[in-house]
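Student: Questions regarding the structure given below will be posed in turn.
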Amino acid sequence: MRSHDWFKRGGLHGFIYRSWVYNGGLTRESLDGRPVIGIANSWSELTPCNRNLRQLADLVKQGVIEAGGLPLEFPVMSLGETLMRPTAMMFRNLSAMAIEETIRANPMDAVVLLTGCDKTTPAAMMGAASAGLPSILLSAGPMTKSFHNGAPISVTQMWKFSEERRAGRMSDEEFAEIELKLNASEGHCPIMGTASTMASLVEILGLSLPGNAAAPATSAERRRLAVETGKAAVLAARSDEGIASYCDRRSLQNAIVLLSALGGSTNAVIHLIAFARRIGIQLTVDDFDKLSDAVPNLANIEPSGHFAMEDYYRAGGTSVVINELIKGSLVDGTSRNFLGHSLSSLYASSGTPDQKVIFSVDQPYKNTKSIAVVRGNLAPMGAIVKVSAASKELLEHEGPAYVFDNVDVMRRAMADPNFDVPDDTVLVLRNCGPKGYPGMAEVANMPLPKKVLERGVRDMVRVSDARMSGSAFGTVVLHVSPEASSGGPLSLVETGDRIRLSLHSRSIDLLVDEAILDKRRAELQSFSSDRSVGGYRELYAQFVNEAADGADFSFLVHQRPVSLPLDNH
């Protein structure tokens, strides 16, 4: 055991290490050589989605102790998209660095990663992958359903409620009433947003026990899963297999297929690419387009469907979907999990689709592609379209651009009741990518002008180098790479230019003569970044990669060897 280098040593070194931890109430038997399991807890009252992790940590400890291990809990940076500014995405890499280095520096043989809100999961995956120790992840779980006037409501509808209010079809009083009801319990978003999507992908990647994605945060099953996760972590410590030893290209391809089958969040594209490159696998946006071509949508879950995660849980959850994909030969059932068990053996008894919330491969919920990649002179490195949340009639579209240089300009325009554009306009928001915002905030799904809403229009083509929330909907071309702030073609667009989007040809093009673009490029002023402000923001602006490359730091894109740190005595 790695921890033996601390706690089983003789002489002064061992004396010092043991003596310090004895002050927490440990006995000599606690340090008898049993596996030490670190519990990385992203609990925080500043992250509402992760609020139940305090209780889940105690249950994980119970499982570790029952299995003969020693649990030692430690805090990690908590990332809540709910409150953090400018965006939690800006701090994903920082949290991953902290997790990696905390694992490396301390006496643990395996680690349990407690996550919830959407950026905490990829941060934990990336940090643990780089650290190389056996790791198992447990999510906070989705919250329970909310109701208004007897009907279920969700965070997906938050965007619709806002547009209805701006259009004058909902009163301020009703809007305020929904505000109190919308988040009904502890847990993360109760839809197939980024948190639930990443929790599902963790399952098929083999980083968690089956059931991790769907069990509600308030359920007894979530609590039992915490205990079983603690037990499994002790077994993982004895196997001494890090993520890179079982998570391979097959595993990542399985994850892409599952993402498509779920109609999951576009944010998962960036996170999976970043995670893959931490373990030395060159995943690209093109992999997502190719691998999801023949994958139908099996999950009738918001925002691509109608049901909530609570309904999904009752229908069998991600376990049923994975089993259906294995039976349909869409994923490789020989892929292993952290204990060496194959997906086929883990999910063989998961049940069958109910054809209401979860559908079969033979009779899917939708035959449409979930996520598509488009390229062209506006996005040479690619851009993402969430087809399952878009308006079908807008996926083949040409119209005049209206350009916003930043979020503040866009928001001022949308707040102006007299601001108006033609219905076929392509709204363009730029300088909102990894460097530009900074952090690549979830602002790509711009609100529509009030005048347009009043005419009954509910969707327009929107193009941006930003992200959008996994709970959002609309015909949005996002993650445009290279971003405008790096001098990408998006920086050359002017209001009135025509833009053509074609899902059929997988293209997004600026219909402007190349000679004119060359002239604009020559006159383009370089973007003023945060490189002079010091601190983390300066580090971020200097080293962050493009969205198409996972928006990770360039110096983190590889696995580092697992080795004991230098002794401090």
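Following the order of the structure tokens, chains are lettered A, B, ..., residues in each are numbered from 1, and ligands are numbered from 1.
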Which polymer residues have any atom within 12 Å of an atom of stretch 357-359 of chain A, counting only C-alpha atoms, with same-chain residues fewer than 3 positions away left out, as a ChimeraX atom specification?
Tutor: /A:261-263,296-302,304-325,351-354,362-367
Student: Applying 8 Å and only C-alpha atoms, which residues near A:Ser78 remain after dropping the ones on its own chain fewer than 3 positions away? List them as a list in words.
Tutor: Ser42, Trp43, Ser44, Leu46, Thr47, Ser95 and Thr120 of chain A
Student: Please give the complete set of residues from stretch 39-220 of chain A that DSSP, run on the backbone, assigns to alpha helix (DSSP H), formatted as a ChimeraX atom specification.
Tutor: /A:53-66,92-105,120-131,155-166,172-181,194-205,220
Student: At a cut-off of 12 Å, can you tabulate as a Markdown table every residue of stretch 204-273 of chain A near stretch 375-383 of chain A together with its closest atom pair and the distance in Å to one decimal, using only C-alpha atoms and ordering rows by chain then number?
Tutor:
| residue | atom | partner | partner_atom | distance |
| --- | --- | --- | --- | --- |
| A:Thr266 | CA | A:Ala383 | CA | 10.5 |
| A:Val269 | CA | A:Ala383 | CA | 10.6 |
| A:Ile270 | CA | A:Ala383 | CA | 11.1 |
Student: With 7 Å as the cut-off and only C-alpha atoms counted, what is the closest atom pair between each nearby residue of stretch 474-535 of chain A and stretch 438-454 of chain A? Distances in Å to one decimal, ordered by chain and number, as CSV.
Tutor:
residue,atom,partner,partner_atom,distance
A:Gly474,CA,A:Asn445,CA,6.9
A:Val476,CA,A:Asn445,CA,6.2
A:Leu478,CA,A:Ala444,CA,6.3
Student: Export N, CA, C and O atoms of the chosen residues as a PDB file, in the first residue's frame?
Tutor:
ATOM      1  N   GLY A 474     -32.937  25.394 -27.991  1.00  0.00           N
ATOM      2  CA  GLY A 474     -32.862  26.357 -29.083  1.00  0.00           C
ATOM      3  C   GLY A 474     -31.847  25.941 -30.137  1.00  0.00           C
ATOM      4  O   GLY A 474     -31.018  25.046 -29.927  1.00  0.00           O
ATOM      5  N   VAL A 476     -28.819  26.614 -31.574  1.00  0.00           N
ATOM      6  CA  VAL A 476     -27.624  27.361 -31.201  1.00  0.00           C
ATOM      7  C   VAL A 476     -26.384  26.645 -31.734  1.00  0.00           C
ATOM      8  O   VAL A 476     -26.183  25.459 -31.479  1.00  0.00           O
ATOM      9  N   LEU A 478     -22.674  26.567 -31.112  1.00  0.00           N
ATOM     10  CA  LEU A 478     -21.847  27.012 -29.995  1.00  0.00           C
ATOM     11  C   LEU A 478     -20.471  26.357 -30.029  1.00  0.00           C
ATOM     12  O   LEU A 478     -20.198  25.525 -30.885  1.00  0.00           O
TER      13      LEU A 478
END
Student: Could you tell me how far atom CA of A:Gly470 lies from atom CA of A:Met192, in Å and to one decimal?
Tutor: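 These atoms are spaced 7.1 Å apart.
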Student: Taking into account only C-alpha atoms, which residue in the set A:Asp420, A:Lys435, A:Ala484, A:Leu137 is nearest to A:Asp405?
Tutor: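 Nearest candidate to A:Asp405 out of A:Asp420, A:Lys435, A:Ala484, A:Leu137: A:Ala484.
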Student: Between atom CA of A:Val373 and atom CA of A:Val385, what is the spacing in Å?
Tutor: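 Atom-to-atom, atom CA of A:Val385 to atom CA of A:Val373, that is 6.3 Å.
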Student: Using only C-alpha atoms, pick whichever of A:Leu272, A:Ala413, A:Ala466, A:Leu207 has the shortest atom-to-atom distance to A:Leu343.
Tutor: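 Checking each candidate against A:Leu343, we get A:Leu207 as the closest.
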Student: Any idea what the distance is between atom CA of A:Ile273 and atom CA of A:Gly550?
Tutor: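 Atom CA of A:Gly550 lies 5.0 Å from atom CA of A:Ile273.
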